[in-house]
Amino acid sequence: MNLNEQTEQLLETSCWVIDPLPCQVPADGEGQFFAAEQYWLAPPRMAELRAHFFQILLKLNCYYDLYVSSPSEDTMVRNPDPASFASRMLLDSSEFNILIPSQDSLITLRSGDLNLTVYHPSEQMLPLLTRLVAAEGLFFWNPENGDRFLK
């Protein structure tokens, strides 16, 4: 199977979320989620959030080969140069698929999202990602498990 086929298959698997919030906000929640979301989506704060995402990916790349592409590209770059990847990632409109073939896992970043989505994280990768995410002051949770968190 080639990398593009592996990416497509992984998009159909269960996912985890790397997010500024510790769990999904209920649709009937009493708080100000939409006001907070607009605040975070503003350019200076979105760049700060993406910088945290980049740090997680850069550290993850110390342990695993990452194959990075944007959804509009046909090619994937293996272990991209950190400086060029950082400059691309900090653009608000950049979207990425980050494939980790050795773990059969995929991480996506979409324009306008306040989170990274991790598809099919391996059992080996889960504890490492949990530590990397916590070091950046973010949360790592599984939407299928509701309020249960990794410890």
# chains A, B, ... in the order shown; residues from 1 in each chain; ligands from 1

call {"tool": "residues_around", "arguments": {"residues": "segment 103-115 of chain A", "least_positions_apart": "3", "cutoff": "8 Å", "atoms": "only C-alpha atoms", "output": "list in words"}}
result
Gln6, Thr7, Leu10, Leu11, Val17, Ile18, Asp19, Pro20, Glu37, Trp40, Leu41, Met46, Leu49, Asp92, Ser93, Ser94, Glu95, Phe96, Asn97, Ile98, Leu99, Ile100, Val118, Tyr119, His120, Pro121, Ser122, Gln124 and Met125 of chain A

call {"tool": "select_by_dssp", "arguments": {"residues": "segment 56-118 of chain A", "states": "strand (DSSP E)", "output": "number ranges by chain"}}
result
A: 67-69, 77-78, 96-100, 105-109, 116-118

call {"tool": "write_last_selection", "arguments": {"atoms": "all heavy atoms", "output": "CSV table (one decimal), in the first residue's frame"}}
result
chain,number,residue,atom,x,y,z
A,67,TYR,N,5.7,11.9,7.5
A,67,TYR,CA,5.5,12.2,6.1
A,67,TYR,C,4.5,13.2,6.0
A,67,TYR,O,3.3,13.0,6.4
A,67,TYR,CB,5.1,10.9,5.3
A,67,TYR,CG,6.2,10.0,5.1
A,67,TYR,CD1,6.6,9.1,6.1
A,67,TYR,CD2,6.9,9.9,3.9
A,67,TYR,CE1,7.6,8.2,6.0
A,67,TYR,CE2,8.0,9.0,3.7
A,67,TYR,CZ,8.3,8.1,4.8
A,67,TYR,OH,9.3,7.2,4.6
A,68,VAL,N,4.8,14.4,5.5
A,68,VAL,CA,4.0,15.6,5.6
A,68,VAL,C,3.5,16.0,4.2
A,68,VAL,O,4.3,16.1,3.3
A,68,VAL,CB,4.7,16.8,6.3
A,68,VAL,CG1,3.8,18.0,6.4
A,68,VAL,CG2,5.1,16.3,7.7
A,69,SER,N,2.2,16.3,4.1
A,69,SER,CA,1.7,16.9,2.9
A,69,SER,C,0.5,17.8,3.2
A,69,SER,O,0.0,17.7,4.3
A,69,SER,CB,1.3,15.8,1.9
A,69,SER,OG,0.1,15.2,2.4
A,77,VAL,N,6.4,14.8,2.0
A,77,VAL,CA,7.8,15.0,2.3
A,77,VAL,C,8.2,14.3,3.6
A,77,VAL,O,7.5,14.5,4.6
A,77,VAL,CB,8.1,16.6,2.5
A,77,VAL,CG1,9.5,16.8,2.9
A,77,VAL,CG2,7.7,17.3,1.2
A,78,ARG,N,9.2,13.4,3.5
A,78,ARG,CA,9.6,12.7,4.7
A,78,ARG,C,10.5,13.6,5.5
A,78,ARG,O,11.5,14.2,5.1
A,78,ARG,CB,10.4,11.5,4.2
A,78,ARG,CG,11.0,10.6,5.4
A,78,ARG,CD,11.7,9.4,4.8
A,78,ARG,NE,12.2,8.6,5.9
A,78,ARG,CZ,13.5,8.5,6.1
A,78,ARG,NH1,14.4,9.1,5.3
A,78,ARG,NH2,14.0,7.8,7.1
A,96,PHE,N,-2.6,20.3,6.8
A,96,PHE,CA,-1.6,19.3,6.7
A,96,PHE,C,-2.1,17.9,7.0
A,96,PHE,O,-3.0,17.8,7.9
A,96,PHE,CB,-0.4,19.5,7.7
A,96,PHE,CG,0.4,20.7,7.4
A,96,PHE,CD1,0.1,21.9,8.0
A,96,PHE,CD2,1.4,20.7,6.4
A,96,PHE,CE1,0.8,23.1,7.7
A,96,PHE,CE2,2.1,21.8,6.1
A,96,PHE,CZ,1.8,23.0,6.7
A,97,ASN,N,-1.6,16.9,6.3
A,97,ASN,CA,-1.7,15.5,6.7
A,97,ASN,C,-0.3,15.1,7.1
A,97,ASN,O,0.7,15.3,6.4
A,97,ASN,CB,-2.2,14.6,5.5
A,97,ASN,CG,-3.6,14.9,5.2
A,97,ASN,OD1,-4.4,15.2,6.0
A,97,ASN,ND2,-3.9,14.7,3.9
A,98,ILE,N,-0.2,14.5,8.3
A,98,ILE,CA,1.1,14.0,8.8
A,98,ILE,C,1.0,12.5,9.1
A,98,ILE,O,0.3,12.1,10.0
A,98,ILE,CB,1.5,14.8,10.1
A,98,ILE,CG1,1.7,16.3,9.9
A,98,ILE,CG2,2.8,14.2,10.6
A,98,ILE,CD1,0.5,17.1,10.4
A,99,LEU,N,1.6,11.8,8.2
A,99,LEU,CA,1.5,10.3,8.3
A,99,LEU,C,2.7,9.8,9.0
A,99,LEU,O,3.8,10.2,8.8
A,99,LEU,CB,1.4,9.7,6.9
A,99,LEU,CG,1.3,8.2,6.7
A,99,LEU,CD1,0.0,7.7,7.3
A,99,LEU,CD2,1.5,7.8,5.3
A,100,ILE,N,2.4,8.8,10.0
A,100,ILE,CA,3.5,8.1,10.7
A,100,ILE,C,3.3,6.7,10.3
A,100,ILE,O,2.7,5.9,11.0
A,100,ILE,CB,3.3,8.3,12.2
A,100,ILE,CG1,3.3,9.8,12.6
A,100,ILE,CG2,4.5,7.7,13.0
A,100,ILE,CD1,2.0,10.3,13.1
A,105,SER,N,-0.5,5.5,11.8
A,105,SER,CA,-1.2,6.6,12.4
A,105,SER,C,-1.1,7.9,11.5
A,105,SER,O,-0.2,8.0,10.7
A,105,SER,CB,-0.7,7.0,13.8
A,105,SER,OG,-0.8,5.9,14.7
A,106,LEU,N,-2.1,8.7,11.7
A,106,LEU,CA,-2.2,10.0,10.9
A,106,LEU,C,-2.6,11.1,11.8
A,106,LEU,O,-3.5,11.0,12.6
A,106,LEU,CB,-3.2,9.8,9.8
A,106,LEU,CG,-3.6,11.0,8.9
A,106,LEU,CD1,-2.4,11.3,8.0
A,106,LEU,CD2,-4.8,10.7,8.1
A,107,ILE,N,-2.0,12.3,11.6
A,107,ILE,CA,-2.4,13.5,12.3
A,107,ILE,C,-2.8,14.5,11.2
A,107,ILE,O,-2.1,14.7,10.2
A,107,ILE,CB,-1.2,14.0,13.2
A,107,ILE,CG1,-0.8,13.0,14.2
A,107,ILE,CG2,-1.7,15.4,13.8
A,107,ILE,CD1,0.4,13.4,15.0
A,108,THR,N,-3.9,15.2,11.4
A,108,THR,CA,-4.4,16.2,10.5
A,108,THR,C,-4.5,17.5,11.2
A,108,THR,O,-4.9,17.6,12.4
A,108,THR,CB,-5.7,15.8,9.8
A,108,THR,OG1,-6.7,15.7,10.8
A,108,THR,CG2,-5.6,14.5,9.0
A,109,LEU,N,-4.3,18.6,10.4
A,109,LEU,CA,-4.6,20.0,10.8
A,109,LEU,C,-5.3,20.6,9.7
A,109,LEU,O,-4.9,20.6,8.5
A,109,LEU,CB,-3.2,20.7,11.1
A,109,LEU,CG,-3.4,22.2,11.4
A,109,LEU,CD1,-4.2,22.4,12.7
A,109,LEU,CD2,-2.0,22.9,11.5
A,116,LEU,N,-5.6,19.4,16.6
A,116,LEU,CA,-5.1,18.4,15.7
A,116,LEU,C,-5.9,17.2,15.9
A,116,LEU,O,-6.3,16.9,17.0
A,116,LEU,CB,-3.6,18.1,16.1
A,116,LEU,CG,-2.5,19.2,15.9
A,116,LEU,CD1,-1.2,18.7,16.5
A,116,LEU,CD2,-2.4,19.4,14.4
A,117,THR,N,-6.1,16.4,14.8
A,117,THR,CA,-6.9,15.2,14.9
A,117,THR,C,-5.9,14.1,14.7
A,117,THR,O,-5.1,14.1,13.7
A,117,THR,CB,-8.0,15.1,13.9
A,117,THR,OG1,-8.9,16.3,14.1
A,117,THR,CG2,-8.8,13.9,14.1
A,118,VAL,N,-5.8,13.1,15.6
A,118,VAL,CA,-4.9,12.0,15.5
A,118,VAL,C,-5.7,10.7,15.3
A,118,VAL,O,-6.5,10.3,16.1
A,118,VAL,CB,-4.1,11.8,16.9
A,118,VAL,CG1,-3.1,10.7,16.7
A,118,VAL,CG2,-3.4,13.1,17.3

call {"tool": "select_by_dssp", "arguments": {"residues": "chain A", "states": "helix (DSSP H, G or I)", "output": "VMD selection string"}}
result
chain A and resid 3 to 10 33 to 41 43 to 60 82 to 89 101 to 103 125 to 135 143 to 145

call {"tool": "residues_around", "arguments": {"residues": "segment 129-133 of chain A", "least_positions_apart": "4", "cutoff": "8 Å", "atoms": "only C-alpha atoms", "output": "number ranges by chain"}}
result
A: 18, 56, 59-60, 125, 137-140, 150

call {"tool": "closest_residue", "arguments": {"among": "A:Leu126, A:Ala35, A:Ala86, A:Ala27", "to": "Asn142 of chain A", "atoms": "only C-alpha atoms"}}
result
A:Leu126

call {"tool": "atom_distance", "arguments": {"atom1": "atom CA of Ala51 of chain A", "atom2": "atom CA of Leu91 of chain A"}}
result
10.1 Å
